[in-house]
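As structure tokens, the structure follows; a few thoughts come after it.
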Amino acid sequence: MHITVDQDKCCGAGSCVLAAPDVFDQRDEDGIVVLLEARPAAGLHEAVREAAAVCPAAAITLEQAQERV
Amino acid sequence: MTTAPHTETAPLAPTAPLAVPATRASGCPFDPPPSVEYARKEQPVTRATLWDGAECWLVTRYQDVREVLSDPRFSSDAKRPGFPFLTAGFKELASSNTSSFIRQDDPEHARLRRMLTADFMIKKVEAMRPQVQGIADDLLDRMTEGRTSADLVAEFALPLPSLVICLLLGVPYEDHDFFQERSRVLLNLSSTADAVRVSQDELLAYLEKLAETKRHEPDDGIVSRLAARGELSNRDIAAMGRLLLVAGHETTANMTALSTLALLRNPRQLAALREDPTLITGAVEELLRYLTIVHNGVTRVATEDVTVSGHTIRAGEGVICTINTANRDEGVFPGSGELDVSRDARRHVAFGFGVHQCLGQGLARAELQIAIETLLRRLPGLRLDIPFEDVPFRTDMGIYGVHALPIAW
């Protein structure tokens, strides 16, 4: 799994931090998403998929294919 | 008794456009109106008529609601022609030229919202938990001292979020009667345009004066920091302050009281939560889904022709996304009509969806988790102190809930 985040799209709702706190954080100055781990361990994948699903601004993109190479 | 704008019995099979705000079925105060539930099942994108005879679209299913609310071609700007207003009062608010970013589109919306996102981010909210817990305990100490009954709304559910948002904003809590009365007028579906204008002006004047004071006597509250940025007028700050003040206490207050009532009416769920307090986080998500107190939906207007589930919504046509029926979508939440505190309900849209999704949702979640957990822990004998049929539901308000909740313990 490879994660990218779009900080311009992010609206700072914080739902990704609640869903996957080991992978996402918020910038101190404006609460915008910060990616802590672009290639998280397998045990975190489900939480990351949930974070992407609940993101109201579609700011989180997941790519799976590269994992299989 | 209070009445909703449309009091006729909801038709089971609407042939004419559906009248909104629609009426709930008697005896089913936790469920969306039957006419809108019917639409979700049979005509998920349908036409509706508003109080003033204007027509708009009603979007009732989960996926469609998420699509509309995250599509920038649907505008939140209430000044655009065709914007649907649920009441005369809401129309007055929109025309008064004091809208906050909730009624603006990006990029201006994002610019203003980002001045506040840090104040509500998860680590800030987590740091506030001990303070919120302290407030909850103090309120319950006072409520229970030497007594065995009280109104949960007046003594706990309302003061808790009200105290918290006052602390955050730097608004003196001793003024709470003033702003709570005005909030009630702003949110009452039957308020006249005149009444709304007066309450709105008084509230804005109060907050403008507060912003001016903070320019000379700064503190670490939000109003003070907005003033210190130097790029906003007192009026701009007042408009943002009004949004935070009203949204910050009415919503959580009503969720707290209505959740308590819903749990009392579902003893197995209440027992499960009491037995395993770690369920509280998920239980709050499920209560948000099941109760969806923004019960009349979220409004937008199309800026281009957009097709939603086969229906072309033309530029200039209004849309109401009924998030309460979206949260009852069987395809997403099987057994959606049942409250189930063990359900994974995190994908609900009770806070809306898209870039306007509730800014204070992290705080709301923490407040609700603390309020409900503390209440259940401290009052093991908690019960309703009036017949269920006599509970005064807020069918007349923009935010659903109960006007009062007499309880005993």
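Letters for chains follow the order of the structure tokens (A, B, ...), residue numbers begin at 1 for each chain, and ligand numbers begin at 1 in the order shown.
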Residues within 12 Å of range 196-202 of chain B, only C-alpha atoms, excluding chain neighbours under 4 positions, as a CSV table (one decimal) with N, CA, C and O atoms, in the first residue's frame:
chain,number,residue,atom,x,y,z
B,87,THR,N,-36.9,27.4,5.8
B,87,THR,CA,-37.8,28.3,6.5
B,87,THR,C,-37.6,29.7,6.1
B,87,THR,O,-36.6,30.1,5.5
B,88,ALA,N,-38.6,30.6,6.5
B,88,ALA,CA,-38.5,32.0,6.2
B,88,ALA,C,-37.3,32.6,6.9
B,88,ALA,O,-36.6,33.5,6.5
B,89,GLY,N,-37.1,32.1,8.1
B,89,GLY,CA,-36.0,32.6,9.0
B,89,GLY,C,-34.6,32.3,8.3
B,89,GLY,O,-33.7,33.1,8.4
B,90,PHE,N,-34.5,31.1,7.8
B,90,PHE,CA,-33.2,30.8,7.2
B,90,PHE,C,-32.9,31.6,6.0
B,90,PHE,O,-31.8,32.0,5.7
B,91,LYS,N,-34.0,32.0,5.2
B,91,LYS,CA,-33.9,32.8,4.1
B,91,LYS,C,-33.4,34.2,4.5
B,91,LYS,O,-32.5,34.8,3.9
B,92,GLU,N,-34.0,34.7,5.6
B,92,GLU,CA,-33.6,36.0,6.1
B,92,GLU,C,-32.1,36.0,6.5
B,92,GLU,O,-31.4,36.9,6.2
B,93,LEU,N,-31.7,34.9,7.2
B,93,LEU,CA,-30.3,34.8,7.6
B,93,LEU,C,-29.3,34.9,6.4
B,93,LEU,O,-28.3,35.6,6.5
B,94,ALA,N,-29.7,34.2,5.3
B,94,ALA,CA,-28.9,34.2,4.2
B,94,ALA,C,-28.8,35.5,3.4
B,94,ALA,O,-27.8,35.8,2.8
B,95,SER,N,-29.9,36.3,3.5
B,95,SER,CA,-29.9,37.5,2.8
B,95,SER,C,-29.3,38.7,3.5
B,95,SER,O,-29.2,39.8,3.0
B,96,SER,N,-28.9,38.4,4.8
B,96,SER,CA,-28.5,39.5,5.7
B,96,SER,C,-27.0,39.9,5.5
B,96,SER,O,-26.5,40.8,6.2
B,97,ASN,N,-26.3,39.3,4.6
B,97,ASN,CA,-25.0,39.7,4.2
B,97,ASN,C,-24.0,39.5,5.4
B,97,ASN,O,-23.0,40.2,5.5
B,98,THR,N,-24.3,38.6,6.3
B,98,THR,CA,-23.4,38.3,7.4
B,98,THR,C,-23.1,36.8,7.4
B,98,THR,O,-23.0,36.3,8.5
B,99,SER,N,-23.1,36.2,6.3
B,99,SER,CA,-22.9,34.8,6.3
B,99,SER,C,-21.5,34.4,6.7
B,99,SER,O,-20.5,35.2,6.4
B,178,PHE,N,-28.4,35.1,27.4
B,178,PHE,CA,-28.5,36.0,26.2
B,178,PHE,C,-28.3,35.3,24.9
B,178,PHE,O,-29.1,35.3,24.0
B,179,PHE,N,-27.2,34.5,24.8
B,179,PHE,CA,-26.9,33.9,23.5
B,179,PHE,C,-27.7,32.6,23.3
B,179,PHE,O,-28.1,32.3,22.1
B,180,GLN,N,-28.1,31.9,24.3
B,180,GLN,CA,-28.9,30.7,24.1
B,180,GLN,C,-30.3,31.1,23.7
B,180,GLN,O,-30.9,30.4,22.8
B,181,GLU,N,-30.9,32.2,24.2
B,181,GLU,CA,-32.2,32.6,23.8
B,181,GLU,C,-32.2,33.0,22.3
B,181,GLU,O,-33.1,32.7,21.6
B,182,ARG,N,-31.2,33.7,21.9
B,182,ARG,CA,-31.1,34.1,20.5
B,182,ARG,C,-30.8,32.9,19.6
B,182,ARG,O,-31.4,32.8,18.5
B,183,SER,N,-30.0,32.0,20.0
B,183,SER,CA,-29.8,30.7,19.3
B,183,SER,C,-31.2,30.0,19.0
B,183,SER,O,-31.4,29.5,17.9
B,184,ARG,N,-32.0,30.0,20.1
B,184,ARG,CA,-33.3,29.3,20.0
B,184,ARG,C,-34.1,29.9,18.9
B,184,ARG,O,-34.8,29.2,18.2
B,185,VAL,N,-34.1,31.3,18.8
B,185,VAL,CA,-34.9,31.9,17.8
B,185,VAL,C,-34.4,31.6,16.4
B,185,VAL,O,-35.1,31.3,15.5
B,186,LEU,N,-33.0,31.7,16.3
B,186,LEU,CA,-32.4,31.4,15.0
B,186,LEU,C,-32.7,30.0,14.5
B,186,LEU,O,-32.9,29.8,13.3
B,187,LEU,N,-32.8,29.0,15.4
B,187,LEU,CA,-33.0,27.6,15.0
B,187,LEU,C,-34.5,27.2,15.0
B,187,LEU,O,-34.8,26.1,14.5
B,188,ASN,N,-35.4,28.1,15.5
B,188,ASN,CA,-36.8,27.7,15.5
B,188,ASN,C,-37.4,27.8,14.1
B,188,ASN,O,-37.3,28.8,13.4
B,189,LEU,N,-37.9,26.7,13.6
B,189,LEU,CA,-38.4,26.6,12.2
B,189,LEU,C,-39.6,27.6,12.0
B,189,LEU,O,-39.9,28.0,10.9
B,190,SER,N,-40.3,28.0,13.1
B,190,SER,CA,-41.5,28.8,12.9
B,190,SER,C,-41.2,30.3,13.2
B,190,SER,O,-42.1,31.1,13.2
B,191,SER,N,-39.9,30.6,13.5
B,191,SER,CA,-39.6,32.0,13.7
B,191,SER,C,-39.8,32.9,12.5
B,191,SER,O,-39.5,32.4,11.4
B,192,THR,N,-40.4,34.0,12.7
B,192,THR,CA,-40.6,34.9,11.5
B,192,THR,C,-39.3,35.5,11.1
B,192,THR,O,-38.3,35.5,11.8
B,206,TYR,N,-23.3,41.8,19.9
B,206,TYR,CA,-22.6,41.3,21.1
B,206,TYR,C,-21.2,40.8,20.8
B,206,TYR,O,-20.3,41.1,21.4
B,207,LEU,N,-21.2,40.0,19.7
B,207,LEU,CA,-19.9,39.4,19.3
B,207,LEU,C,-18.9,40.5,18.7
B,207,LEU,O,-17.7,40.4,18.9
B,208,GLU,N,-19.4,41.4,18.0
B,208,GLU,CA,-18.6,42.5,17.5
B,208,GLU,C,-18.0,43.3,18.6
B,208,GLU,O,-16.8,43.6,18.6
B,209,LYS,N,-18.8,43.6,19.6
B,209,LYS,CA,-18.3,44.3,20.8
B,209,LYS,C,-17.2,43.5,21.5
B,209,LYS,O,-16.1,44.0,21.9
B,235,ARG,N,-16.9,42.5,12.3
B,235,ARG,CA,-18.1,41.9,11.7
B,235,ARG,C,-17.8,40.5,11.2
B,235,ARG,O,-18.6,39.6,11.5
B,238,ALA,N,-17.4,38.3,14.2
B,238,ALA,CA,-18.7,38.1,14.8
B,238,ALA,C,-19.5,37.0,14.1
B,238,ALA,O,-20.1,36.1,14.7
B,239,ALA,N,-19.4,37.0,12.7
B,239,ALA,CA,-20.1,36.0,11.9
B,239,ALA,C,-19.5,34.6,12.2
B,239,ALA,O,-20.2,33.6,12.3
B,242,ARG,N,-20.5,33.6,15.8
B,242,ARG,CA,-21.9,33.2,15.9
B,242,ARG,C,-22.0,31.7,15.4
B,242,ARG,O,-22.7,30.9,16.1
B,243,LEU,N,-21.4,31.4,14.3
B,243,LEU,CA,-21.4,30.0,13.8
B,243,LEU,C,-20.9,29.0,14.9
B,243,LEU,O,-21.5,28.0,15.2
B,246,VAL,N,-23.3,28.9,18.1
B,246,VAL,CA,-24.6,28.3,17.9
B,246,VAL,C,-24.3,26.8,17.7
B,246,VAL,O,-24.9,25.9,18.3
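Residues of chain A carrying a DSSP assignment of strand (DSSP E), computed from the backbone, are His2, Ile3, Thr4, Val5, Phe24, Asp25, Gln26, Val33, Val34, Leu35, Ile60, Thr61, Leu62 and Glu63 of chain A.
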Could you pull out the alpha helix (DSSP H) residues of chain A, going by DSSP on the backbone, and write them as a list in words?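 DSSP-assigned alpha helix (DSSP H) residues in chain A: Ser15, Cys16, Val17, Leu18, Ala19, His45, Glu46, Ala47, Val48, Arg49, Glu50, Ala51, Ala52, Ala53 and Val54 of chain A.
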I'd like the neighbourhood of range 384-388 of chain B as a list of chain:residue names, where a residue qualifies if any of its atoms comes within 10 Å (using only C-alpha atoms), though same-chain residues fewer than 2 positions away should be ignored. B:Gly27, B:Ser149, B:Ala150, B:Asp151, B:Leu152, B:Thr260, B:Leu261, B:Leu264, B:Arg265, B:Leu382, B:Asp390, B:Val391, B:Pro392, B:Leu405, B:Pro406, B:Ile407, B:Ala408, B:Trp409
Can I get the selection written as a CSV table (one decimal), in the first residue's frame, with C-alpha atoms?
chain,number,residue,atom,x,y,z
B,27,GLY,CA,-44.9,7.2,18.1
B,149,SER,CA,-34.6,14.1,39.8
B,150,ALA,CA,-33.8,16.9,37.4
B,151,ASP,CA,-34.1,18.2,33.8
B,152,LEU,CA,-31.1,16.7,32.1
B,260,THR,CA,-29.7,9.4,26.8
B,261,LEU,CA,-33.3,9.0,25.9
B,264,LEU,CA,-33.2,4.4,28.0
B,265,ARG,CA,-35.7,3.2,25.3
B,382,LEU,CA,-31.1,6.5,35.7
B,390,ASP,CA,-45.0,13.3,27.1
B,391,VAL,CA,-41.4,14.0,26.1
B,392,PRO,CA,-41.3,17.3,24.3
B,405,LEU,CA,-35.7,15.6,29.6
B,406,PRO,CA,-37.0,15.0,33.1
B,407,ILE,CA,-35.0,12.2,34.6
B,408,ALA,CA,-34.7,10.5,38.0
B,409,TRP,CA,-32.1,8.2,39.5
Between CA of Thr49 in chain B and CA of Ile320 in chain B, distance in Å (one decimal):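 Distance between the two atoms: 10.7 Å.
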Starting from chain A, keep only residues with some atom at most 6 Å from an atom of chain B, counting only C-alpha atoms, and report them as an mmCIF file with all heavy atoms, in the first residue's frame.
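Written output follows (result_31.cif):
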data_model
loop_
_atom_site.group_PDB
_atom_site.id
_atom_site.type_symbol
_atom_site.label_atom_id
_atom_site.label_comp_id
_atom_site.auth_asym_id
_atom_site.auth_seq_id
_atom_site.Cartn_x
_atom_site.Cartn_y
_atom_site.Cartn_z
ATOM 1 N N CYS A 11 -9.672 19.418 4.509
ATOM 2 C CA CYS A 11 -10.459 20.435 5.215
ATOM 3 C C CYS A 11 -10.293 20.313 6.728
ATOM 4 O O CYS A 11 -11.035 20.913 7.492
ATOM 5 C CB CYS A 11 -11.916 20.382 4.790
ATOM 6 S SG CYS A 11 -12.767 18.858 5.222
ATOM 7 N N GLY A 12 -9.323 19.506 7.163
ATOM 8 C CA GLY A 12 -8.974 19.483 8.588
ATOM 9 C C GLY A 12 -10.023 18.886 9.507
ATOM 10 O O GLY A 12 -10.076 19.225 10.681
ATOM 11 N N ALA A 13 -10.859 17.986 8.968
ATOM 12 C CA ALA A 13 -11.909 17.393 9.797
ATOM 13 C C ALA A 13 -11.316 16.455 10.851
ATOM 14 O O ALA A 13 -11.922 16.232 11.893
ATOM 15 C CB ALA A 13 -12.912 16.641 8.931
ATOM 16 N N ASP A 30 -2.333 24.715 11.322
ATOM 17 C CA ASP A 30 -3.662 24.837 10.727
ATOM 18 C C ASP A 30 -4.469 23.537 10.658
ATOM 19 O O ASP A 30 -5.527 23.497 10.017
ATOM 20 C CB ASP A 30 -3.570 25.456 9.319
ATOM 21 C CG ASP A 30 -2.694 24.635 8.382
ATOM 22 O OD1 ASP A 30 -2.274 23.526 8.792
ATOM 23 O OD2 ASP A 30 -2.417 25.091 7.264
ATOM 24 N N GLY A 31 -4.005 22.487 11.322
ATOM 25 C CA GLY A 31 -4.804 21.261 11.395
ATOM 26 C C GLY A 31 -4.891 20.476 10.096
ATOM 27 O O GLY A 31 -5.673 19.530 9.995
ATOM 28 N N VAL A 54 -13.562 7.628 5.113
ATOM 29 C CA VAL A 54 -14.282 8.649 5.869
ATOM 30 C C VAL A 54 -13.770 10.061 5.578
ATOM 31 O O VAL A 54 -14.394 11.034 6.002
ATOM 32 C CB VAL A 54 -14.256 8.400 7.403
ATOM 33 C CG1 VAL A 54 -15.015 7.126 7.753
ATOM 34 C CG2 VAL A 54 -12.839 8.356 7.940
ATOM 35 N N PRO A 56 -13.755 13.406 4.244
ATOM 36 C CA PRO A 56 -14.841 14.100 3.546
ATOM 37 C C PRO A 56 -14.370 14.829 2.298
ATOM 38 O O PRO A 56 -15.181 15.180 1.444
ATOM 39 C CB PRO A 56 -15.343 15.089 4.606
ATOM 40 C CG PRO A 56 -14.167 15.341 5.482
ATOM 41 C CD PRO A 56 -13.406 14.048 5.521
ATOM 42 N N ALA A 57 -13.072 15.055 2.176
ATOM 43 C CA ALA A 57 -12.565 15.895 1.099
ATOM 44 C C ALA A 57 -11.821 15.095 0.034
ATOM 45 O O ALA A 57 -11.210 15.676 -0.861
ATOM 46 C CB ALA A 57 -11.651 16.969 1.684
#
Tell me, as a PyMOL selection string, which residues lie within 12 Å of range 41-49 of chain A, counting only C-alpha atoms; anything in the same chain fewer than 6 positions away does not count. (chain A and resi 1-5+15-24+35+55+60-64+67) or (chain B and resi 346-347)
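Closest approach to Thr303 in chain B among B:Glu108, B:Glu317, B:Glu174, B:Asp329 is made by B:Glu317 (distances from only C-alpha atoms).
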Among listed residues A:Ala59, A:Asp6, A:Gly14, A:Ala53, nearest Gln26 in chain A (using only C-alpha atoms):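 That would be A:Gly14, the residue with the smallest distance to Gln26 in chain A.
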Can you pull out every residue within 8 Å of Leu288 in chain B, counting only C-alpha atoms, but drop anything in the same chain fewer than 5 positions away, and send it as a ChimeraX atom specification? /B:255,293,348,350
Quick one: everything within 9 Å of Leu158 in chain B, counting only C-alpha atoms, minus sequence neighbours fewer than 6 positions away in the same chain. Send it as a PyMOL selection string. chain B and resi 152+249-250+252-254+256-257
